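Following: one structure in structure tokens, then a few remarks.
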Amino acid sequence: MLDVKYLRQNIELVRKKMDDRGQKIDFDRFLDLDTKRRDILQSVETLRNERNSVSKQVGELKKKKEDASALIEKMGDVSARIKEYDESLRVTEEELNAFVMIVPNIQHESVPQGGGSEDNTIVRTWGEKPVFTFEPKQHFELGENLNILDFARGAKITGARFTVYRGAGAAIERALVSFMLDLHTEKHGYTEVLTPFMVNRESMTATGQLPKFAEDLFKIEGMEYYLVPTAEVPVTNIYRDEILEEEKLPICLVAYSPCFRAEAGSYGKDTRGLIRQHQFNKVEMVKFSKPETSYDELEKLTANAEEVLKRLGIPYRTVCLCTTDLGFSSAKTYDVEAWMPGQNSYREISSCSNFEDFQARRAAIRFRKKDSGKVELVHTLNGSGLAVGRTVVAILENYQQADGSIIIPEALRPYMRGLERITLEGIFPKA
RNA sequence: GGAGAGAUGGCUGAGUGGCCGAAAGCGAUCGCCUGCUAAGCGAUUGUACGCCCUUCAAAGGUGUACCGCGGGUUCGAAUCCCGCUCUCUCCGCCA
């Protein structure tokens with residue numbers, strides 16, 4: 001969320017920023033609530049002050065065995081008034097809070113102005129698109145033909161958007177997770193963490209999924225627990241309500257996690273295959289940074305995600321999301337899009353964002369400045385490194401052969417007992 | 001799931017109605033002392049939100065809240081009462 005004080009003092013700038021994001025927000029209501037809150041607060045604090053000092057006098061009188069009944073009677077009335085003010089303060093703060101919680105972050109000045117995904121700017125493009133002597137197939141057709149992806153049985157077991165992986169299909173998914181974690185820990189300096197796949201309401205609120213996007217989440221029946229839509233939630237919440245030491249920053253964590261998304265409102269979109277599932281695997285990078293360096297960290301984070309694709313030999317491009325495509329909590333986002341020959345298009349495989357202090361304020365993640373001793377909010381960042389299911393899609397489609405087999409990228413072979421090619425006959429070689 | 005014990009500042013830990021935002025110790029920071037290190041001495045050392053001052057901010061002043069969370073009793077609650085959460089011990093169950 002945004003800082004209430006900042007909002008109050010920079011309301012016109014924020015109005016403009018939200019206009020550019022295509023958000024219609026009634027900031028007059030905010031100003032009213034804010035003024036009301038401070039009025040009530042002052043009144044109630046004055047009364048509390050009176051109560052505190054009179055109560056002290058009562059104590060002194062009683063100690064001297066003198067009569068304090070006049071004061072006590074008077075304070076009964078003051079306490080009643082405090083209770084009334086407290087109630088209206090509670091209501092006002094609730095309204096104010098509800099308002100602030102649904103205001104998106106302010107975009108960084110470098111974010112391109114836009115009205116849709118066509119306005120995202122292409123930052124760079126890498127790799128040679130493979131040339132085929134045949135019509136390249138889509139991954140779901142390749143996967144079903146090789147008997148490594150089984151969508152029908154996934155649907156039987158659970159429902160639409162669930163998949164069974166088999167043999168080399170299951171192995172390549174697992175290999176990718178290990179490959180990505182090893183790369184980020186050994187080459188990019190991240191510490192691996194493994195966090196819960198269910199989180200409570202506070203955690204979801206801290207990273208911005210709640211209260212605004214409840215319909216995207218799976219909630220556990222009868223409990224205030226939710227399935228994680230991304231490891232960003234549990235990993236960022238590791239340091240919720242904590243004050244970190246400046247020397248420890250930046251803290252760079254990487255986590256594998258399955259992700260669960262209700263995908264409400266995406267009916268009819270990507271209905272076949274692995275692209276859009278209710279459950280998918282992801283390796284996620286999360287950073288806690290000092291404000292001064294967070295944009296450098298964003299560039300590094302994005303490069304770390306890109307490195308996975310480079311090592312796998314998958315062509316990609318990186319785009320900077322425009323104002324209207326930017327996610328709720330993000331100040332700036334790069335999407336890395338992998339080339340998918342079967343679909344003849346680039347598809348998002350990673351999303352790398354700097355949230356600045358937006359999540360940190362909700363989550364109360366701060367650090368103490370070494371020289372001044374002052375506490376300040378950290379900046380949080382995260383990015384997929386990468387979405388595993390979509391990486392499988394990219395490998396199947398880019399490395400498909402005329403006979404329907406799939407060449408395994410060299411970087412992955414050590415993680416697959418040396419397997420070089422997925423064919424229908426040899427699902428997996430003997431070790 | 002059953003029984004019991006507990007939750008206080010960066011940490012340990014005292015505090016069972018007013019003198020408590022909280023003793024003491026440890027740690028940390030600054031200063032003094034010391035040839036250096038250690039020891040010693042002195043000072044400082046929570047967070048949030050208002051208000052005043054200030055062009056803004058910082059600094060400063062002032063007020064309020066916070067002793068796991070939420071309610072209640074009381075002129076007054078870390079302290080008493082109720083509910084919840086979490087931790088620990090024992091029993092049961094269990095990968």
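Every chain in the structure tokens has a letter given in the order shown (A, B, ...), and although residue numbers restart at 1 in each chain, ligands are simply numbered from 1 in the order shown.
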
May I have the residues of chain A within 6 Å of chain B, counting only C-alpha atoms (C1' of nucleotides), written as JSON, numbers by chain? {"A": [45, 55, 59, 72, 75]}

Store the residues picked out above in a file with all heavy atoms, as a tab-separated table (two decimals), in the first residue's frame.
chain	number	residue	atom	x	y	z
A	45	GLU	N	-7.40	11.60	21.84
A	45	GLU	CA	-6.11	11.64	22.54
A	45	GLU	C	-6.11	12.71	23.63
A	45	GLU	O	-5.49	12.54	24.67
A	45	GLU	CB	-4.97	11.85	21.55
A	45	GLU	CG	-4.67	10.58	20.77
A	45	GLU	CD	-3.40	10.64	19.95
A	45	GLU	OE1	-2.77	11.71	19.91
A	45	GLU	OE2	-3.05	9.61	19.37
A	55	SER	N	-6.53	10.18	36.60
A	55	SER	CA	-6.39	8.88	37.27
A	55	SER	C	-5.19	8.87	38.18
A	55	SER	O	-5.19	8.26	39.25
A	55	SER	CB	-6.26	7.76	36.24
A	55	SER	OG	-7.47	7.59	35.56
A	59	GLY	N	-5.14	8.25	42.28
A	59	GLY	CA	-4.22	7.36	42.96
A	59	GLY	C	-3.53	8.05	44.12
A	59	GLY	O	-3.40	7.48	45.21
A	72	ILE	N	-13.58	10.72	40.41
A	72	ILE	CA	-13.97	9.44	39.84
A	72	ILE	C	-15.26	9.56	39.05
A	72	ILE	O	-15.39	9.03	37.95
A	72	ILE	CB	-14.12	8.38	40.97
A	72	ILE	CG1	-12.72	8.02	41.49
A	72	ILE	CG2	-14.84	7.14	40.48
A	72	ILE	CD1	-12.72	7.13	42.71
A	75	MET	N	-14.66	11.22	35.78
A	75	MET	CA	-13.93	10.37	34.83
A	75	MET	C	-14.80	9.29	34.20
A	75	MET	O	-14.54	8.83	33.11
A	75	MET	CB	-12.72	9.72	35.51
A	75	MET	CG	-11.55	10.66	35.65
A	75	MET	SD	-11.08	11.45	34.10
A	75	MET	CE	-11.82	13.04	34.30

Fewer than 6 positions away in the same chain doesn't count, so skip those; otherwise give me all residues within 8 Å of Ile314 in chain A, counting only C-alpha atoms (C1' of nucleotides), as a compact mmCIF listing (two decimals) with C-alpha atoms, in the first residue's frame.
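Generated output (result_34.txt):
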# COMPACT_ATOMS: atom_id res chain seq x y z
CA GLY A 127 18.51 -16.39 -29.59
CA ALA A 338 9.96 -17.48 -24.41
CA TRP A 339 9.59 -18.31 -28.05
CA ALA A 394 9.17 -24.17 -24.60
CA ILE A 395 11.53 -27.16 -24.63
CA ASN A 398 11.69 -25.65 -29.68

Leu309 in chain A: which residues within 12 Å, counting only C-alpha atoms (C1' of nucleotides), same-chain residues fewer than 4 positions away excluded, as a VMD selection string? chain A and resid 125 to 127 176 179 to 180 183 302 to 305 313 to 318 336 to 339 349 to 350 384 to 388 390 to 392 394 to 395 398 409 411 to 412

Can you list, as an MDAnalysis selection string, all residues belonging to range 35-254 of chain A that DSSP tags as strand (DSSP E or B)? chainID A and resid 121:126 149:150 164:165 191:193 198:200 219 225:227 242:245 251:254

Mind giving me the straight-line distance from CA of Leu194 in chain A to CA of Val319 in chain A in Å, one decimal? 29.4 Å

Output as a VMD selection string all residues of range 258-344 of chain A that backbone DSSP marks as helix (DSSP H, G or I). chain A and resid 291 to 312

Just the selected residues (N, CA and C atoms), exported as a CSV table (one decimal), in the first residue's frame, please.
chain,number,residue,atom,x,y,z
A,291,PRO,N,16.5,0.8,-0.7
A,291,PRO,CA,15.8,1.5,-1.7
A,291,PRO,C,16.8,2.0,-2.8
A,292,GLU,N,18.0,2.5,-2.5
A,292,GLU,CA,18.9,3.1,-3.4
A,292,GLU,C,19.3,2.1,-4.5
A,293,THR,N,19.3,0.8,-4.2
A,293,THR,CA,19.8,-0.2,-5.2
A,293,THR,C,18.8,-1.1,-5.8
A,294,SER,N,17.5,-0.8,-5.5
A,294,SER,CA,16.5,-1.8,-5.9
A,294,SER,C,16.3,-1.9,-7.4
A,295,TYR,N,16.6,-0.8,-8.1
A,295,TYR,CA,16.4,-0.9,-9.6
A,295,TYR,C,17.6,-1.6,-10.2
A,296,ASP,N,18.8,-1.5,-9.6
A,296,ASP,CA,19.9,-2.3,-10.1
A,296,ASP,C,19.6,-3.8,-9.8
A,297,GLU,N,19.0,-4.1,-8.7
A,297,GLU,CA,18.7,-5.4,-8.3
A,297,GLU,C,17.6,-6.0,-9.3
A,298,LEU,N,16.7,-5.1,-9.7
A,298,LEU,CA,15.7,-5.6,-10.7
A,298,LEU,C,16.4,-6.0,-12.0
A,299,GLU,N,17.4,-5.3,-12.4
A,299,GLU,CA,18.1,-5.6,-13.7
A,299,GLU,C,18.8,-7.0,-13.5
A,300,LYS,N,19.4,-7.1,-12.3
A,300,LYS,CA,20.1,-8.4,-12.1
A,300,LYS,C,19.2,-9.6,-12.0
A,301,LEU,N,18.1,-9.3,-11.3
A,301,LEU,CA,17.1,-10.4,-11.2
A,301,LEU,C,16.6,-10.8,-12.6
A,302,THR,N,16.3,-9.9,-13.4
A,302,THR,CA,15.8,-10.2,-14.7
A,302,THR,C,16.8,-11.0,-15.5
A,303,ALA,N,18.1,-10.5,-15.4
A,303,ALA,CA,19.2,-11.2,-16.1
A,303,ALA,C,19.3,-12.6,-15.6
A,304,ASN,N,19.1,-12.9,-14.3
A,304,ASN,CA,19.1,-14.2,-13.7
A,304,ASN,C,18.1,-15.1,-14.3
A,305,ALA,N,16.9,-14.6,-14.5
A,305,ALA,CA,15.8,-15.3,-15.1
A,305,ALA,C,16.2,-15.7,-16.6
A,306,GLU,N,16.7,-14.7,-17.3
A,306,GLU,CA,17.1,-14.8,-18.7
A,306,GLU,C,18.1,-15.9,-18.8
A,307,GLU,N,19.0,-16.0,-17.9
A,307,GLU,CA,20.2,-16.9,-17.9
A,307,GLU,C,19.7,-18.4,-18.0
A,308,VAL,N,18.5,-18.7,-17.4
A,308,VAL,CA,18.0,-20.0,-17.5
A,308,VAL,C,17.7,-20.3,-18.9
A,309,LEU,N,17.0,-19.4,-19.6
A,309,LEU,CA,16.7,-19.7,-21.0
A,309,LEU,C,17.9,-19.7,-21.9
A,310,LYS,N,18.9,-18.9,-21.6
A,310,LYS,CA,20.1,-19.0,-22.4
A,310,LYS,C,20.7,-20.3,-22.3
A,311,ARG,N,20.8,-20.8,-21.1
A,311,ARG,CA,21.5,-22.1,-20.9
A,311,ARG,C,20.7,-23.3,-21.5
A,312,LEU,N,19.4,-23.1,-21.6
A,312,LEU,CA,18.5,-24.1,-22.2
A,312,LEU,C,18.4,-23.9,-23.7

Contact residues around Glu247 in chain A with only C-alpha atoms (C1' of nucleotides) at 8 Å, ignoring same-chain residues under 2 positions, as a list in words: Glu245, Leu249 and Lys370 of chain A

Please determine, counting only C-alpha atoms (C1' of nucleotides), which residue among B:G31, B:G70, B:U79, B:G1 has the shortest atom-to-atom distance to G15 in chain B. B:U79
